[in-house]
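Enquirer: To be precise about what I am sending: the file is called my_file.txt and holds compact mmCIF, C-alpha atoms.
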# COMPACT_ATOMS: atom_id res chain seq x y z
CA MET F 1 -73.08 -81.61 -73.39
CA ALA F 2 -73.87 -79.28 -70.48
CA VAL F 3 -70.19 -79.39 -69.54
CA VAL F 4 -69.27 -78.00 -72.96
CA ALA F 5 -71.66 -75.07 -72.63
CA GLN F 6 -69.96 -73.93 -69.42
CA ALA F 7 -66.47 -73.49 -70.89
CA GLN F 8 -65.61 -69.79 -70.66
CA VAL F 9 -62.75 -67.86 -72.26
CA ILE F 10 -62.01 -65.33 -69.52
CA ASP F 11 -59.18 -63.55 -71.36
CA PRO F 12 -58.20 -63.91 -75.03
CA LEU F 13 -54.75 -62.46 -74.15
CA THR F 14 -54.71 -60.40 -77.32
CA GLY F 15 -55.92 -57.12 -75.80
CA SER F 16 -55.43 -55.12 -72.61
CA LEU F 17 -53.31 -56.66 -69.86
CA SER F 18 -54.05 -53.89 -67.37
CA GLY F 19 -55.44 -56.23 -64.72
CA TYR F 20 -52.16 -58.12 -64.30
CA THR F 21 -49.12 -57.23 -62.19
CA THR F 22 -45.57 -58.31 -63.06
CA THR F 23 -43.42 -59.31 -60.08
CA LEU F 24 -39.79 -60.35 -60.36
CA VAL F 25 -39.49 -63.12 -57.76
CA ASN F 26 -35.95 -64.28 -58.51
CA ASP F 27 -33.15 -61.97 -59.63
CA GLY F 28 -30.14 -64.02 -60.69
CA GLY F 29 -28.51 -61.13 -62.51
CA SER F 30 -27.56 -59.10 -59.45
CA GLY F 31 -29.98 -56.41 -60.55
CA GLY F 32 -27.75 -55.50 -63.46
CA ALA F 33 -29.70 -54.44 -66.56
CA SER F 34 -31.87 -57.57 -66.66
CA SER F 35 -35.64 -57.76 -66.59
CA VAL F 36 -38.66 -59.80 -67.59
CA SER F 37 -41.80 -58.32 -69.11
CA PHE F 38 -45.06 -59.64 -70.52
CA THR F 39 -46.64 -58.14 -73.63
CA ASP F 40 -49.62 -58.89 -75.83
CA SER F 41 -50.14 -58.70 -79.55
CA GLY F 42 -52.50 -60.09 -82.13
CA SER F 43 -50.62 -63.38 -81.75
CA GLY F 44 -51.10 -63.60 -77.98
CA LEU F 45 -49.24 -63.14 -74.70
CA GLN F 46 -45.44 -63.25 -74.83
CA ALA F 47 -42.69 -63.29 -72.20
CA ASN F 48 -39.70 -61.05 -72.92
CA PHE F 49 -36.18 -60.78 -71.56
CA VAL F 50 -33.86 -57.79 -71.72
CA GLY F 51 -30.36 -58.29 -70.39
CA THR F 52 -26.84 -59.44 -71.07
CA VAL F 53 -26.42 -62.21 -68.48
CA ALA F 54 -27.31 -65.89 -68.57
CA ASP F 55 -28.45 -65.94 -64.94
CA PRO F 56 -32.14 -66.71 -64.34
CA GLU F 57 -34.69 -63.94 -64.03
CA GLN F 58 -38.02 -65.39 -62.90
CA ALA F 59 -41.27 -63.44 -62.81
CA LEU F 60 -44.96 -63.99 -62.19
CA PHE F 61 -47.67 -62.10 -64.08
CA LEU F 62 -50.78 -62.33 -61.92
CA ALA F 63 -54.32 -60.97 -61.68
CA PRO F 64 -56.89 -61.47 -58.89
CA ALA F 65 -59.10 -64.45 -59.71
CA SER F 66 -62.09 -62.35 -58.66
CA SER F 67 -61.38 -59.78 -61.39
CA PHE F 68 -62.58 -62.07 -64.19
CA ALA F 69 -66.21 -62.51 -65.25
CA THR F 70 -65.91 -66.21 -64.36
CA THR F 71 -63.92 -66.94 -61.20
CA PHE F 72 -61.58 -69.93 -61.00
CA ALA F 73 -62.88 -72.18 -58.20
CA VAL F 74 -62.89 -75.73 -56.84
CA GLY F 75 -64.15 -78.08 -59.55
CA ASP F 76 -62.72 -76.00 -62.42
CA THR F 77 -59.88 -76.45 -64.88
CA LEU F 78 -57.87 -73.37 -65.87
CA SER F 79 -56.20 -73.73 -69.27
CA VAL F 80 -54.41 -71.69 -71.90
CA ASN F 81 -53.63 -72.32 -75.57
CA VAL F 82 -49.90 -72.52 -76.29
CA THR F 83 -47.89 -71.86 -79.44
CA MET F 84 -44.24 -72.37 -78.55
CA PRO F 85 -41.40 -72.49 -81.08
CA ALA F 86 -38.30 -74.63 -80.76
CA SER F 87 -35.41 -72.80 -79.06
CA THR F 88 -31.91 -73.51 -77.77
CA ILE F 89 -32.06 -70.80 -75.09
CA GLN F 90 -32.78 -72.15 -71.60
CA GLU F 91 -36.07 -70.44 -70.81
CA ASP F 92 -39.60 -71.45 -69.96
CA PHE F 93 -43.06 -69.93 -69.97
CA GLY F 94 -46.15 -71.26 -68.24
CA LEU F 95 -49.46 -71.06 -66.42
CA ALA F 96 -49.55 -70.15 -62.70
CA ILE F 97 -51.76 -69.89 -59.63
CA SER F 98 -50.92 -67.97 -56.46
CA ALA F 99 -52.13 -67.02 -53.00
CA THR F 100 -51.65 -63.35 -53.92
CA ALA F 101 -51.70 -61.19 -57.04
CA THR F 102 -48.92 -58.99 -55.62
CA PRO F 103 -46.22 -61.21 -54.12
CA PRO F 104 -43.11 -59.65 -52.57
CA ALA F 105 -40.57 -58.61 -55.20
CA ALA F 106 -36.99 -59.85 -55.21
CA GLY F 107 -34.12 -57.44 -54.73
CA ALA F 108 -30.72 -57.66 -56.40
CA ASN F 109 -29.41 -61.21 -56.52
CA ALA F 110 -32.26 -62.41 -54.28
CA SER F 111 -35.36 -64.60 -54.37
CA THR F 112 -38.81 -64.31 -52.78
CA ARG F 113 -40.16 -67.48 -54.36
CA ALA F 114 -40.55 -69.23 -50.98
CA ASN F 115 -42.31 -66.29 -49.34
CA PHE F 116 -45.82 -67.08 -50.61
CA ASP F 117 -47.79 -70.06 -51.91
CA TRP F 118 -47.83 -70.58 -55.67
CA ALA F 119 -47.48 -73.19 -58.41
CA SER F 120 -46.68 -73.19 -62.12
CA ILE F 121 -46.59 -75.56 -65.07
CA SER F 122 -44.43 -74.48 -67.99
CA VAL F 123 -42.84 -75.42 -71.29
CA ARG F 124 -39.03 -75.35 -71.63
CA PRO F 125 -38.26 -75.66 -75.35
CA SER F 126 -34.48 -75.99 -75.00
CA GLN F 127 -34.86 -79.17 -72.93
CA THR F 128 -38.01 -80.42 -74.72
CA SER F 129 -39.68 -80.68 -71.33
CA ILE F 130 -42.63 -79.70 -69.17
CA ARG F 131 -41.62 -78.36 -65.75
CA GLN F 132 -43.44 -77.73 -62.49
CA ASN F 133 -42.63 -75.32 -59.66
CA THR F 134 -44.33 -75.10 -56.26
CA SER F 135 -43.94 -73.08 -53.09
CA ILE F 136 -45.95 -74.58 -50.23
CA ASN F 137 -45.80 -73.02 -46.77
CA GLY F 138 -42.23 -71.80 -47.24
CA THR F 139 -40.89 -74.88 -49.03
CA LEU F 140 -39.84 -74.12 -52.60
CA THR F 141 -39.54 -76.98 -55.08
CA THR F 142 -38.36 -76.04 -58.57
CA GLY F 143 -38.10 -78.12 -61.69
CA SER F 144 -39.95 -81.01 -60.07
CA PHE F 145 -41.79 -83.74 -61.91
CA VAL F 146 -40.15 -82.89 -65.22
CA VAL F 147 -41.82 -84.55 -68.21
CA SER F 148 -39.06 -85.16 -70.75
CA SER F 149 -39.06 -85.63 -74.53
CA VAL F 150 -41.96 -83.21 -75.09
CA ALA F 151 -41.26 -81.13 -78.20
CA PRO F 152 -42.57 -77.58 -77.73
CA THR F 153 -44.39 -77.76 -81.07
CA SER F 154 -46.36 -80.76 -79.76
CA VAL F 155 -47.81 -78.79 -76.83
CA SER F 156 -51.15 -77.14 -77.60
CA GLY F 157 -51.97 -76.06 -74.06
CA LEU F 158 -51.26 -76.05 -70.33
CA TYR F 159 -53.79 -76.66 -67.57
CA ILE F 160 -54.33 -76.55 -63.80
CA SER F 161 -57.34 -78.39 -62.33
CA TRP F 162 -58.64 -77.35 -58.89
CA VAL F 163 -59.59 -80.79 -57.56
CA SER F 164 -60.47 -79.90 -53.94
CA PRO F 165 -59.86 -76.82 -51.72
CA LEU F 166 -56.12 -77.46 -51.33
CA VAL F 167 -55.43 -79.93 -54.16
CA PHE F 168 -54.48 -79.13 -57.77
CA THR F 169 -53.45 -81.25 -60.77
CA LEU F 170 -51.04 -79.61 -63.22
CA GLY F 171 -50.27 -80.79 -66.73
CA TYR F 172 -50.15 -80.07 -70.45
CA ILE F 173 -52.36 -80.71 -73.48
CA ASN F 174 -50.75 -82.38 -76.47
CA SER F 175 -51.38 -81.81 -80.16
CA SER F 176 -54.11 -84.48 -80.11
CA ASP F 177 -55.99 -82.51 -77.42
CA VAL F 178 -55.18 -85.12 -74.79
CA LEU F 179 -54.71 -83.85 -71.21
CA VAL F 180 -51.42 -85.23 -69.87
CA PRO F 181 -51.08 -84.81 -66.07
CA ASP F 182 -47.70 -83.95 -64.63
CA ASP F 183 -48.38 -84.00 -60.87
CA THR F 184 -51.03 -83.42 -58.20
CA VAL F 185 -49.97 -81.05 -55.42
CA THR F 186 -51.54 -80.37 -52.02
CA PHE F 187 -51.21 -77.07 -50.18
CA GLU F 188 -51.47 -76.77 -46.41
CA SER F 189 -54.53 -75.78 -44.42
CA GLY F 190 -55.13 -72.04 -44.31
CA SER F 191 -53.49 -71.33 -47.68
CA ALA F 192 -55.12 -68.68 -49.85
CA ILE F 193 -53.95 -70.49 -52.99
CA GLY F 194 -56.20 -69.73 -55.96
CA THR F 195 -56.60 -66.06 -54.99
CA ALA F 196 -54.70 -65.11 -58.16
CA ILE F 197 -54.12 -66.66 -61.56
CA GLY F 198 -51.77 -65.84 -64.39
CA PHE F 199 -48.40 -66.74 -65.84
CA TYR F 200 -44.78 -67.57 -65.01
CA ALA F 201 -41.57 -67.03 -66.94
CA ASP F 202 -37.97 -68.07 -66.31
CA MET F 203 -35.89 -66.03 -68.77
CA ARG F 204 -32.15 -65.83 -69.43
CA ASP F 205 -30.15 -64.97 -72.53
CA ALA F 206 -26.52 -63.90 -72.59
CA GLY F 207 -27.06 -62.78 -76.16
CA GLY F 208 -28.97 -59.71 -75.05
CA GLY F 209 -32.65 -60.55 -75.06
CA THR F 210 -35.36 -62.77 -76.45
CA THR F 211 -39.12 -63.31 -76.66
CA LEU F 212 -40.78 -66.61 -75.89
CA GLY F 213 -44.12 -68.11 -76.85
CA ASN F 214 -47.65 -67.06 -77.66
CA PHE F 215 -50.44 -67.83 -75.18
CA THR F 216 -54.10 -67.26 -76.11
CA ASP F 217 -57.55 -67.93 -74.67
CA LEU F 218 -57.21 -68.25 -70.91
CA THR F 219 -60.21 -70.52 -70.23
CA ILE F 220 -62.16 -71.91 -67.29
CA GLN F 221 -64.24 -75.04 -67.65
CA PRO F 222 -65.62 -77.61 -65.18
CA ILE F 223 -63.72 -80.78 -64.39
CA PRO F 224 -65.94 -83.60 -65.71
CA GLU F 225 -67.69 -85.61 -63.01
CA PRO F 226 -66.27 -89.14 -62.48
CA THR F 227 -69.62 -90.59 -63.56
CA THR F 228 -69.47 -88.60 -66.80
CA MET F 229 -65.98 -89.90 -67.50
CA ALA F 230 -67.09 -93.46 -66.78
CA LEU F 231 -70.03 -93.16 -69.18
CA CYS F 232 -67.99 -91.57 -71.94
CA GLY F 233 -64.95 -93.81 -71.54
CA LEU F 234 -61.44 -92.39 -71.81
CA GLY F 235 -61.61 -91.97 -75.57
CA GLY F 236 -64.94 -90.19 -75.36
CA PHE F 237 -63.67 -87.90 -72.63
CA LEU F 238 -60.61 -86.93 -74.61
CA GLY F 239 -62.78 -86.33 -77.65
CA LEU F 240 -65.02 -84.11 -75.51
CA VAL F 241 -62.00 -82.11 -74.39
CA GLY F 242 -60.90 -81.65 -78.00
CA TRP F 243 -64.38 -80.54 -78.99
CA MET F 244 -64.45 -77.97 -76.19
CA ARG F 245 -61.10 -76.55 -77.27
CA ARG F 246 -62.17 -76.28 -80.91
CA LYS F 247 -65.39 -74.50 -79.94
CA LYS F 248 -63.61 -71.75 -77.96
Re-express the file's structure as C-alpha cells.
Expert:
Amino acid sequence: MAVVAQAQVIDPLTGSLSGYTTTLVNDGGSGGASSVSFTDSGSGLQANFVGTVADPEQALFLAPASSFATTFAVGDTLSVNVTMPASTIQEDFGLAISATATPPAAGANASTRANFDWASISVRPSQTSIRQNTSINGTLTTGSFVVSSVAPTSVSGLYISWVSPLVFTLGYINSSDVLVPDDTVTFESGSAIGTAIGFYADMRDAGGGTTLGNFTDLTIQPIPEPTTMALCGLGGFLGLVGWMRRKK
C-alpha cells in the first residue's frame, strides 16, 4: 500500500494555469484568423479553437517539470483524468511530454513539430480512437499506433510512464480503470525529454470554433515494481490502480 500513498495530484487543472506556455507548433491555416487556446474552469482544462478553416492547428501547452511540487522522473507514471464527449469534428486532445517548455513556434502555414523532442497520447472522438505523436531527433511520426474503436466516453484517463531514462510507455485508462498501453517509445541519447510536461491539441473546425474535453487531476505516481505486480497478479494490480484513482 506504500505505492498508493505516493500518488500525488500535482495540478487539479481547475485553477490558475499561469505556469504553462501555449505554443502553436503547426499552422495549417496559413496564419489566417485561426488559433488554439487552453482554458480552465470548474469542470477542468479545455482546448479551444477559433477560426473558420478546417486545416489543422496543433499546439502544445507545457510547463517545466521542475515547477511542480512533485517532479516527473524515471520510475513515475504521469496521468490525467479525462471527460471527453462524442464529437463529429476531427480534433484531438491529449497528454504530452517535451524536451522544452518553450518549443519554437510555427509561422504561417508552417510546422516546428520536428524541431524538438516530444511525445503525446490523445483522444480523437470523431474517429473513436487513441492517437500517438512523437518527434525523436528530428524525425516526426504523427498518428502512429492508433488504437481504434475506443469511444471517447469509455476513456477515463491518459497516461505516460517513464520506464527508463529514454524510454516511455504511452496509453489510456478505460472506464474500468484498466491501463491500456498504446506503444513504448525510445528517445536518443542526449535528449532532454521529460524537461516539460503538459498537453497537446489538434484543433480544426470550419464551422467557426469549438471546445474539446475536460481534463482534471494531473497526477504523478510510481510505476509498480515487477515483483509487486507478480505478487498482486494482473487483476490485483488493476484493482490497485482503480483504488489509487478513486482516492485522488
Enquirer: Any idea what's packed within 10 Å of range 145-149 of chain F, counting only C-alpha atoms, ignoring anything in its chain fewer than 3 positions away? Could you give it as a JSON list (two decimals) with C-alpha atoms, in the coordinates of the input?
Expert:
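That gives us out_21.json:
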[["chain", "number", "residue", "atom", "x", "y", "z"],
["F", 121, "ILE", "CA", -46.59, -75.56, -65.07],
["F", 122, "SER", "CA", -44.43, -74.48, -67.99],
["F", 123, "VAL", "CA", -42.84, -75.42, -71.29],
["F", 124, "ARG", "CA", -39.03, -75.35, -71.63],
["F", 127, "GLN", "CA", -34.86, -79.17, -72.93],
["F", 128, "THR", "CA", -38.01, -80.42, -74.72],
["F", 129, "SER", "CA", -39.68, -80.68, -71.33],
["F", 130, "ILE", "CA", -42.63, -79.70, -69.17],
["F", 131, "ARG", "CA", -41.62, -78.36, -65.75],
["F", 132, "GLN", "CA", -43.44, -77.73, -62.49],
["F", 133, "ASN", "CA", -42.63, -75.32, -59.66],
["F", 141, "THR", "CA", -39.54, -76.98, -55.08],
["F", 142, "THR", "CA", -38.36, -76.04, -58.57],
["F", 152, "PRO", "CA", -42.57, -77.58, -77.73],
["F", 171, "GLY", "CA", -50.27, -80.79, -66.73],
["F", 172, "TYR", "CA", -50.15, -80.07, -70.45],
["F", 180, "VAL", "CA", -51.42, -85.23, -69.87],
["F", 181, "PRO", "CA", -51.08, -84.81, -66.07],
["F", 182, "ASP", "CA", -47.70, -83.95, -64.63],
["F", 183, "ASP", "CA", -48.38, -84.00, -60.87],
["F", 184, "THR", "CA", -51.03, -83.42, -58.20]]
Enquirer: Please compute the CA of Gln58 in chain F-CA of Ser111 in chain F distance, one decimal, in Å.
Expert: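 We find that CA of Gln58 in chain F and CA of Ser111 in chain F lie 9.0 Å from each other.
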Enquirer: CA of Ala65 in chain F to CA of Ala110 in chain F: how many Å, to one decimal?
Expert: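 Between CA of Ala65 in chain F and CA of Ala110 in chain F the gap works out to 27.5 Å.
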Enquirer: F:Leu78, F:Leu95, F:Leu60, F:Val50: which is nearest Ala7 in chain F, counting only C-alpha atoms?
Expert: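 Among F:Leu78, F:Leu95, F:Leu60, F:Val50, it is F:Leu78 that comes nearest to Ala7 in chain F.
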Enquirer: If you take only C-alpha atoms and a cut-off of 6 Å, which residues of range 16-49 of chain F touch range 191-212 of chain F, and what are their nearest atom pairs and distances in Å to one decimal, in chain and number order, as a tab-separated table?
Expert:
residue	atom	partner	partner_atom	distance
F:Gln46	CA	F:Leu212	CA	5.8
F:Ala47	CA	F:Leu212	CA	5.3
F:Asn48	CA	F:Thr211	CA	4.4
F:Phe49	CA	F:Gly209	CA	5.0
Enquirer: Hey, can you spit out that residue selection with C-alpha atoms as a JSON list (two decimals), keeping the file's coordinate frame?
Expert:
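Result file follows (part_14.json):
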[["chain", "number", "residue", "atom", "x", "y", "z"],
["F", 46, "GLN", "CA", -45.44, -63.25, -74.83],
["F", 47, "ALA", "CA", -42.69, -63.29, -72.20],
["F", 48, "ASN", "CA", -39.70, -61.05, -72.92],
["F", 49, "PHE", "CA", -36.18, -60.78, -71.56]]
Enquirer: One decimal, Å: what's the distance from CA of Ala99 in chain F over to CA of Ile220 in chain F, could you say?
Expert: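 One can read the CA of Ala99 in chain F to CA of Ile220 in chain F distance as 18.1 Å.
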Enquirer: Counting all atoms listed in the file, find residues at most 9 Å from (-48.1, -57.7, -56.7) (file frame) and give them as a PyMOL selection string.
Expert: chain F and resi 20-23+60-63+100-105
Enquirer: From the options F:Thr70, F:Thr186, F:Leu24, F:Ser41, which residue's atoms come nearest to Ile10 in chain F, counting all atoms listed in the file?
Expert: F:Thr70
Enquirer: Looking at F:Ser43, F:Asn109, F:Ser156, F:Ser35, which one is nearest to Gly15 in chain F, with distances taken over only C-alpha atoms?
Expert: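 Smallest separation from Gly15 in chain F among the options: F:Ser43.
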Enquirer: Taking all atoms listed in the file into account, which of F:Thr112, F:Thr219, F:Ser161, F:Thr139 comes nearest Val25 in chain F?
Expert: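 Nearest to Val25 in chain F: F:Thr112.
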Enquirer: Tell me which of F:Ser176, F:Ser87, F:Thr14, F:Ser164 sits closest to Gly75 in chain F, counting only C-alpha atoms.
Expert: F:Ser164
Enquirer: Ranking F:Gly44, F:Pro125, F:Ser135, F:Ala151 by minimum distance to Ser175 in chain F and counting all atoms listed in the file, which one comes first?
Expert: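 Under the stated criterion, the closest residue is F:Ala151.
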